[in-house]
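What follows is input.csv (CSV, C-alpha atoms).
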chain,number,residue,atom,x,y,z
A,1,MET,CA,125.9,140.9,141.1
A,2,LYS,CA,129.1,140.0,139.4
A,3,ASN,CA,130.9,142.5,137.1
A,4,THR,CA,128.6,145.5,137.1
A,5,GLU,CA,131.1,147.5,135.1
A,6,PRO,CA,131.5,146.6,131.4
A,7,ILE,CA,134.8,145.3,130.1
A,8,VAL,CA,134.9,148.0,127.4
A,9,GLU,CA,134.4,151.7,127.9
A,10,LEU,CA,130.9,152.8,126.9
A,11,PRO,CA,129.8,156.4,126.1
A,12,ALA,CA,128.1,158.3,128.9
A,13,GLY,CA,124.5,157.5,129.7
A,14,TYR,CA,124.5,153.7,129.5
A,15,ARG,CA,122.8,151.9,132.4
A,16,LEU,CA,122.2,148.2,133.3
A,17,ASN,CA,118.9,146.7,132.1
A,18,GLU,CA,118.1,144.2,134.8
A,19,GLN,CA,115.7,142.2,132.6
A,20,PHE,CA,118.7,141.1,130.4
A,21,CYS,CA,121.2,140.5,133.3
A,22,ASP,CA,121.7,137.3,135.1
A,23,ASP,CA,124.3,135.6,137.4
A,24,PHE,CA,122.6,132.2,137.0
A,25,GLN,CA,122.5,131.5,140.7
A,26,GLY,CA,120.3,128.8,142.3
A,27,THR,CA,119.1,125.6,140.5
A,28,GLU,CA,116.8,126.8,137.7
A,29,LEU,CA,116.3,129.5,135.1
A,30,ASN,CA,114.5,132.7,136.1
A,31,PRO,CA,111.2,132.1,134.3
A,32,LYS,CA,110.5,135.9,134.2
A,33,LYS,CA,113.6,136.4,132.1
A,34,TRP,CA,114.3,133.2,130.1
A,35,ALA,CA,112.6,130.3,128.4
A,36,PRO,CA,114.4,126.9,127.9
A,37,LEU,CA,112.8,126.3,124.5
A,38,CYS,CA,112.2,128.3,121.4
A,39,PRO,CA,108.6,128.2,120.0
A,40,TRP,CA,109.6,129.0,116.5
A,41,PHE,CA,112.8,126.9,116.1
A,42,LEU,CA,112.5,123.3,117.4
A,43,GLY,CA,115.5,121.9,115.7
A,44,ARG,CA,117.0,121.2,112.4
A,45,ILE,CA,115.6,118.5,110.1
A,46,GLY,CA,118.0,115.6,109.7
A,47,ALA,CA,120.2,116.7,112.5
A,48,PHE,CA,119.0,117.6,116.0
A,49,TYR,CA,116.2,118.8,118.2
A,50,PHE,CA,116.2,121.2,121.2
A,51,ASP,CA,115.4,119.5,124.5
A,52,PRO,CA,114.6,121.7,127.6
A,53,ALA,CA,116.1,118.9,129.7
A,54,ASN,CA,119.5,119.9,128.3
A,55,VAL,CA,119.2,123.3,129.9
A,56,SER,CA,120.3,123.6,133.5
A,57,VAL,CA,121.5,126.0,136.2
A,58,GLN,CA,124.2,124.7,138.5
A,59,ASP,CA,127.3,125.9,140.3
A,60,GLY,CA,126.5,129.5,139.3
A,61,LEU,CA,126.4,128.7,135.6
A,62,LEU,CA,123.9,128.4,132.8
A,63,ARG,CA,124.7,125.1,131.2
A,64,LEU,CA,123.6,124.0,127.7
A,65,THR,CA,124.3,120.4,126.9
A,66,ALA,CA,124.6,118.5,123.6
A,67,ARG,CA,124.2,114.7,123.6
A,68,MET,CA,123.2,111.7,121.6
A,69,PRO,CA,119.8,110.6,122.9
A,70,LYS,CA,118.8,107.0,123.2
A,71,ALA,CA,116.9,105.6,120.3
A,72,GLY,CA,113.2,106.1,120.5
A,73,THR,CA,113.3,108.7,123.3
A,74,ALA,CA,112.9,111.9,121.1
A,75,PRO,CA,109.4,113.4,120.5
A,76,LEU,CA,107.7,111.7,117.6
A,77,GLN,CA,107.9,114.7,115.3
A,78,HIS,CA,111.7,114.6,115.5
A,79,GLN,CA,111.9,110.8,115.0
A,80,LEU,CA,109.7,111.2,111.8
A,81,THR,CA,112.0,113.9,110.4
A,82,ASN,CA,115.3,112.2,111.4
A,83,SER,CA,116.0,115.1,113.7
A,84,ASP,CA,116.7,112.8,116.6
A,85,ARG,CA,120.4,112.1,115.9
A,86,TYR,CA,121.4,114.6,118.6
A,87,SER,CA,119.6,116.6,121.2
A,88,THR,CA,120.9,120.1,122.1
A,89,ALA,CA,119.8,123.2,124.0
A,90,PHE,CA,118.2,126.6,123.4
A,91,VAL,CA,117.6,129.5,125.8
A,92,GLN,CA,115.6,132.6,124.7
A,93,SER,CA,114.8,135.9,126.5
A,94,ARG,CA,111.2,136.4,127.4
A,95,GLU,CA,111.3,140.0,126.0
A,96,ARG,CA,112.8,141.7,123.0
A,97,ILE,CA,115.3,144.5,123.2
A,98,LEU,CA,116.3,147.3,120.9
A,99,TYR,CA,120.0,148.4,120.9
A,100,GLY,CA,122.4,148.1,123.8
A,101,TYR,CA,125.8,146.6,124.9
A,102,PHE,CA,125.7,142.9,125.6
A,103,GLU,CA,128.4,141.1,127.6
A,104,ILE,CA,128.8,137.5,128.7
A,105,ARG,CA,131.5,135.4,130.2
A,106,SER,CA,131.4,131.9,128.8
A,107,ARG,CA,133.3,128.7,127.9
A,108,SER,CA,132.3,126.6,124.9
A,109,MET,CA,131.9,122.9,124.8
A,110,LYS,CA,134.8,120.8,123.6
A,111,ALA,CA,133.0,119.2,120.7
A,112,ASN,CA,132.3,119.9,117.0
A,113,VAL,CA,129.0,121.6,117.9
A,114,CYS,CA,128.3,125.3,117.2
A,115,ASN,CA,128.0,127.3,120.4
A,116,ALA,CA,126.2,130.6,119.8
A,117,PHE,CA,125.0,133.8,121.4
A,118,TRP,CA,122.8,135.8,119.0
A,119,LEU,CA,119.9,138.2,118.5
A,120,HIS,CA,116.9,137.5,116.3
A,121,ASN,CA,113.5,138.8,115.3
A,122,PRO,CA,111.4,135.8,114.0
A,123,LEU,CA,108.4,138.1,113.2
A,124,ASP,CA,105.0,137.2,114.4
A,125,PRO,CA,102.4,135.5,112.2
A,126,PRO,CA,101.0,136.4,109.7
A,127,ALA,CA,103.9,138.8,108.8
A,128,LYS,CA,106.4,136.0,108.4
A,129,TRP,CA,104.1,134.2,105.8
A,130,LEU,CA,103.5,137.3,103.7
A,131,LYS,CA,105.7,139.0,101.1
A,132,GLY,CA,107.2,142.4,101.7
A,133,ASP,CA,109.0,142.1,105.0
A,134,PHE,CA,112.1,140.5,106.5
A,135,SER,CA,113.5,138.9,109.7
A,136,GLU,CA,116.8,140.0,111.2
A,137,GLU,CA,119.5,138.1,112.9
A,138,ILE,CA,122.8,139.2,114.5
A,139,ASP,CA,125.3,136.5,115.5
A,140,ILE,CA,127.3,137.9,118.4
A,141,PHE,CA,129.3,134.7,118.2
A,142,GLU,CA,129.3,131.3,116.7
A,143,VAL,CA,132.3,129.1,117.8
A,144,PHE,CA,133.3,125.5,117.7
A,145,GLY,CA,135.2,124.0,120.7
A,146,ASN,CA,136.6,121.0,118.8
A,147,PRO,CA,135.9,121.5,115.1
A,148,SER,CA,136.3,118.9,112.5
A,149,ALA,CA,137.8,121.5,110.1
A,150,ALA,CA,141.1,122.8,111.1
A,151,SER,CA,140.2,126.2,109.6
A,152,ARG,CA,137.4,126.6,112.3
A,153,ARG,CA,139.8,126.2,115.2
A,154,ARG,CA,139.9,129.5,117.1
A,155,GLU,CA,137.7,131.1,114.5
A,156,TYR,CA,135.2,133.6,115.9
A,157,LEU,CA,132.3,133.9,113.5
A,158,MET,CA,130.2,137.1,113.4
A,159,THR,CA,127.4,137.2,110.8
A,160,VAL,CA,124.4,139.4,110.2
A,161,HIS,CA,121.4,138.0,108.3
A,162,LYS,CA,118.3,139.3,106.5
A,163,TYR,CA,115.6,136.7,105.7
A,164,MET,CA,113.0,137.9,103.3
A,165,THR,CA,109.4,136.8,103.9
A,166,PRO,CA,107.6,134.5,103.4
A,167,TYR,CA,109.8,132.0,105.3
A,168,ILE,CA,109.9,129.1,107.7
A,169,GLU,CA,112.8,129.0,110.2
A,170,ALA,CA,115.7,126.5,109.6
A,171,THR,CA,114.3,125.2,106.3
A,172,GLY,CA,116.5,127.2,103.9
A,173,ASN,CA,113.6,128.3,101.7
A,174,ALA,CA,113.8,132.1,102.4
A,175,ASP,CA,115.5,134.6,100.2
A,176,HIS,CA,118.4,135.5,102.3
A,177,GLU,CA,121.1,138.2,102.5
A,178,SER,CA,124.1,137.8,104.9
A,179,ALA,CA,127.4,139.5,105.7
A,180,GLY,CA,129.9,137.2,107.3
A,181,ASN,CA,132.9,138.3,109.3
A,182,SER,CA,135.4,136.3,111.2
A,183,ALA,CA,138.5,136.7,113.3
A,184,TYR,CA,141.0,134.3,114.9
A,185,VAL,CA,141.7,134.5,118.6
A,186,PRO,CA,144.8,133.3,120.5
A,187,PHE,CA,143.0,130.7,122.6
A,188,ASP,CA,140.8,127.6,122.2
A,189,PHE,CA,137.2,128.4,123.1
A,190,ALA,CA,136.8,125.3,125.3
A,191,GLU,CA,139.9,125.9,127.3
A,192,ASP,CA,138.7,128.5,129.7
A,193,PHE,CA,136.2,131.3,130.2
A,194,HIS,CA,136.5,134.5,128.2
A,195,VAL,CA,134.4,137.7,127.9
A,196,TYR,CA,132.5,138.2,124.7
A,197,SER,CA,130.6,141.4,124.1
A,198,PHE,CA,128.7,143.3,121.4
A,199,LEU,CA,127.6,147.0,121.0
A,200,TRP,CA,124.5,147.5,118.9
A,201,THR,CA,123.5,151.1,118.0
A,202,PRO,CA,121.4,152.6,115.2
A,203,GLU,CA,124.7,153.5,113.5
A,204,ASN,CA,127.0,150.5,114.0
A,205,LEU,CA,127.5,146.9,115.1
A,206,THR,CA,130.7,146.2,117.1
A,207,TRP,CA,132.1,143.0,118.4
A,208,PHE,CA,134.7,142.5,121.2
A,209,VAL,CA,136.6,139.6,122.9
A,210,ASP,CA,138.1,140.2,126.3
A,211,GLY,CA,137.7,143.9,125.8
A,212,LYS,CA,139.5,144.0,122.4
A,213,GLU,CA,137.5,145.2,119.4
A,214,LEU,CA,137.4,142.5,116.6
A,215,CYS,CA,135.0,143.9,114.1
A,216,LYS,CA,132.9,147.0,113.4
A,217,ILE,CA,130.4,147.5,110.6
A,218,ARG,CA,127.6,149.9,109.7
A,219,ASN,CA,124.1,149.0,110.9
A,220,THR,CA,122.1,148.8,107.7
A,221,TYR,CA,118.9,147.1,108.7
A,222,HIS,CA,118.8,146.1,112.4
A,223,PHE,CA,116.4,148.7,113.7
A,224,ARG,CA,113.7,146.6,115.4
A,225,PRO,CA,113.6,144.8,118.8
A,226,LEU,CA,115.2,141.4,118.9
A,227,TYR,CA,115.2,138.4,121.2
A,228,LEU,CA,118.4,137.4,122.9
A,229,ASN,CA,119.4,133.7,122.5
A,230,PHE,CA,122.0,131.1,123.7
A,231,ASP,CA,122.1,127.8,121.9
A,232,CYS,CA,124.2,124.9,120.7
A,233,GLU,CA,123.6,123.3,117.3
A,234,VAL,CA,125.0,120.4,115.2
A,235,MET,CA,125.7,122.0,111.8
A,236,LEU,CA,125.9,119.1,109.4
A,237,TRP,CA,127.8,121.2,106.8
A,238,GLU,CA,130.6,121.5,109.4
A,239,GLY,CA,130.6,117.7,110.1
A,240,THR,CA,129.2,115.8,113.0
A,241,PRO,CA,130.7,115.7,116.5
A,242,ASP,CA,132.8,112.7,117.6
A,243,ALA,CA,130.6,110.5,119.8
A,244,ALA,CA,133.5,110.3,122.3
A,245,ASP,CA,133.1,114.1,122.9
A,246,LEU,CA,129.5,113.9,123.9
A,247,PRO,CA,127.8,114.8,126.1
A,248,ALA,CA,129.4,118.2,126.1
A,249,LYS,CA,128.5,121.5,127.9
A,250,PHE,CA,128.5,125.1,126.9
A,251,ASP,CA,128.8,127.2,130.1
A,252,ILE,CA,127.7,130.8,130.6
A,253,ASP,CA,128.9,132.5,133.9
A,254,TYR,CA,126.9,135.7,133.5
A,255,ILE,CA,125.2,138.0,131.1
A,256,ARG,CA,125.1,141.8,131.4
A,257,THR,CA,123.2,144.3,129.2
A,258,TRP,CA,123.5,148.1,129.3
A,259,GLN,CA,121.3,150.5,127.4
A,260,LEU,CA,121.5,154.1,126.6
A,261,GLU,CA,118.9,156.0,128.8
Give the structure from the file, written as structure tokens.
Amino acid sequence: MKNTEPIVELPAGYRLNEQFCDDFQGTELNPKKWAPLCPWFLGRIGAFYFDPANVSVQDGLLRLTARMPKAGTAPLQHQLTNSDRYSTAFVQSRERILYGYFEIRSRSMKANVCNAFWLHNPLDPPAKWLKGDFSEEIDIFEVFGNPSAASRRREYLMTVHKYMTPYIEATGNADHESAGNSAYVPFDFAEDFHVYSFLWTPENLTWFVDGKELCKIRNTYHFRPLYLNFDCEVMLWEGTPDAADLPAKFDIDYIRTWQLE
């Protein structure tokens, strides 16, 4: 296993959780750890759909691809909702996890496509359709390898979300609270591999890049187990990718997860 020691110094008592560790060797995802599609988020209306065919394991990397599919090849539901302009990729952990230190080494795609590593609790029905609860999301990172907006170049986005029920994912109809944080890094995300990591405790949320702390905030409502996700999305409010940049690939070399015993 590559890199069994974290890039940042952790308090005593943290141990690897093998369920959330992977070197992505071989030719396919480990089905006991990961799923190449998200059952509760199939795409974004008017923009894109997630296609398991865009998820691959090769050359020791988990590879997520964004592309422009041929007309008429998308599933019918995406054609009917104009969600077939682009096809992208989503990988979700099979299990949820509560607290820990998460570390990946990755390189973003060189395109105006959001590459993301995040934690989320979608809630199980019927809780998500009833008032009085909320769904949580922690964006460990959202980055653009070749953004349309100059202000997004080298900007590392870190956001926490609280979606009040009832809601339907990706439709924008939920009462929503968010706290956005960002920092600028001295490199382009698509140039090379870098190590991105995050420490989630009952008290704090802390983000790191290449072992350097970027941001730390109090944990105010993330106290339930969450799924671990990798994906790439076309965010229409950030502009669309240049067709010449597609297909493009988001590569993950490894993921490591440590938890306090």
Per residue of region 70-142 of chain A within 7 Å of region 194-214 of chain A, note the shortest atom pair and the distance in Å to one decimal, counting only C-alpha atoms, and order the rows by chain and increasing residue number, as CSV.
residue,atom,partner,partner_atom,distance
A:Tyr99,CA,A:Trp200,CA,5.0
A:Gly100,CA,A:Trp200,CA,5.4
A:Tyr101,CA,A:Leu199,CA,4.3
A:Phe102,CA,A:Phe198,CA,5.2
A:Glu103,CA,A:Ser197,CA,4.1
A:Ile104,CA,A:Tyr196,CA,5.5
A:Arg105,CA,A:Val195,CA,4.4
A:Ser106,CA,A:His194,CA,5.8
A:Arg107,CA,A:His194,CA,6.6
A:Ile140,CA,A:Phe198,CA,6.3
Extract, using only C-alpha atoms, all DNA, RNA and protein residues at most 10 Å from Phe41 (chain A), discarding same-chain residues fewer than 2 positions from it, and format them as an MDAnalysis selection string. chainID A and resid 37:39 43:44 49:50 90 122 168:170
Which residue, A:Ile7, A:Met158, A:Ala150, A:Ala183, has the smallest gap to Gly239 (chain A) when you use only C-alpha atoms?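 The closest residue to Gly239 (chain A) is A:Ala150.
For the pair CA of Lys32 (chain A) and CA of Gln19 (chain A), the separation is 8.3 Å.
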Coordinates-based distance that separates CA of Asn115 (chain A) from CA of Val185 (chain A) (Å, one decimal):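 Answer for the CA of Val185 (chain A) to CA of Asn115 (chain A) separation: 15.6 Å.
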What is the CA of Leu29 (chain A)-CA of Ser93 (chain A) distance in Å, reported with one decimal? 10.8 Å
Can you save region 103-156 of chain A of the given block to a file, including C-alpha atoms and formatted as a PDB file, in the first residue's frame?
ATOM      1  CA  GLU A 103      -6.201  12.114   2.177  1.00  0.00           C
ATOM      2  CA  ILE A 104      -5.999  11.737  -1.601  1.00  0.00           C
ATOM      3  CA  ARG A 105      -3.378  12.365  -4.230  1.00  0.00           C
ATOM      4  CA  SER A 106      -5.009  13.584  -7.428  1.00  0.00           C
ATOM      5  CA  ARG A 107      -4.765  15.675 -10.580  1.00  0.00           C
ATOM      6  CA  SER A 108      -7.766  17.516 -11.984  1.00  0.00           C
ATOM      7  CA  MET A 109      -8.880  17.496 -15.593  1.00  0.00           C
ATOM      8  CA  LYS A 110      -7.800  20.406 -17.793  1.00  0.00           C
ATOM      9  CA  ALA A 111     -11.289  21.634 -18.601  1.00  0.00           C
ATOM     10  CA  ASN A 112     -13.931  23.984 -17.230  1.00  0.00           C
ATOM     11  CA  VAL A 113     -15.485  21.117 -15.292  1.00  0.00           C
ATOM     12  CA  CYS A 114     -15.762  21.007 -11.509  1.00  0.00           C
ATOM     13  CA  ASN A 115     -13.665  18.194 -10.044  1.00  0.00           C
ATOM     14  CA  ALA A 116     -14.771  17.360  -6.518  1.00  0.00           C
ATOM     15  CA  PHE A 117     -14.045  15.243  -3.470  1.00  0.00           C
ATOM     16  CA  TRP A 118     -16.825  15.498  -0.896  1.00  0.00           C
ATOM     17  CA  LEU A 119     -18.859  13.994   1.926  1.00  0.00           C
ATOM     18  CA  HIS A 120     -22.643  13.859   1.945  1.00  0.00           C
ATOM     19  CA  ASN A 121     -25.635  12.385   3.765  1.00  0.00           C
ATOM     20  CA  PRO A 122     -28.591  12.262   1.363  1.00  0.00           C
ATOM     21  CA  LEU A 123     -30.956  10.894   4.051  1.00  0.00           C
ATOM     22  CA  ASP A 124     -33.037   7.820   3.409  1.00  0.00           C
ATOM     23  CA  PRO A 125     -36.722   8.050   2.446  1.00  0.00           C
ATOM     24  CA  PRO A 126     -39.090   9.051   3.858  1.00  0.00           C
ATOM     25  CA  ALA A 127     -36.974  11.397   6.054  1.00  0.00           C
ATOM     26  CA  LYS A 128     -35.843  13.475   3.064  1.00  0.00           C
ATOM     27  CA  TRP A 129     -39.466  14.157   2.063  1.00  0.00           C
ATOM     28  CA  LEU A 130     -40.675  15.230   5.515  1.00  0.00           C
ATOM     29  CA  LYS A 131     -40.160  18.533   7.301  1.00  0.00           C
ATOM     30  CA  GLY A 132     -37.990  18.850  10.371  1.00  0.00           C
ATOM     31  CA  ASP A 133     -34.629  17.358   9.336  1.00  0.00           C
ATOM     32  CA  PHE A 134     -31.657  18.294   7.155  1.00  0.00           C
ATOM     33  CA  SER A 135     -29.033  16.761   4.910  1.00  0.00           C
ATOM     34  CA  GLU A 136     -25.340  17.603   5.300  1.00  0.00           C
ATOM     35  CA  GLU A 137     -22.554  18.089   2.780  1.00  0.00           C
ATOM     36  CA  ILE A 138     -18.855  18.854   3.208  1.00  0.00           C
ATOM     37  CA  ASP A 139     -16.871  19.787   0.106  1.00  0.00           C
ATOM     38  CA  ILE A 140     -13.297  18.694   0.750  1.00  0.00           C
ATOM     39  CA  PHE A 141     -12.502  20.346  -2.548  1.00  0.00           C
ATOM     40  CA  GLU A 142     -14.106  21.703  -5.684  1.00  0.00           C
ATOM     41  CA  VAL A 143     -11.592  22.852  -8.312  1.00  0.00           C
ATOM     42  CA  PHE A 144     -11.521  23.753 -12.004  1.00  0.00           C
ATOM     43  CA  GLY A 145      -8.574  22.730 -14.160  1.00  0.00           C
ATOM     44  CA  ASN A 146      -9.234  25.220 -16.967  1.00  0.00           C
ATOM     45  CA  PRO A 147     -11.918  27.634 -15.735  1.00  0.00           C
ATOM     46  CA  SER A 148     -13.726  30.116 -17.938  1.00  0.00           C
ATOM     47  CA  ALA A 149     -13.580  32.725 -15.165  1.00  0.00           C
ATOM     48  CA  ALA A 150     -10.060  33.927 -14.397  1.00  0.00           C
ATOM     49  CA  SER A 151     -11.061  34.279 -10.743  1.00  0.00           C
ATOM     50  CA  ARG A 152     -11.488  30.492 -10.493  1.00  0.00           C
ATOM     51  CA  ARG A 153      -7.953  29.731 -11.659  1.00  0.00           C
ATOM     52  CA  ARG A 154      -6.045  28.102  -8.791  1.00  0.00           C
ATOM     53  CA  GLU A 155      -9.002  28.705  -6.457  1.00  0.00           C
ATOM     54  CA  TYR A 156      -9.554  25.890  -3.976  1.00  0.00           C
TER      55      TYR A 156
END
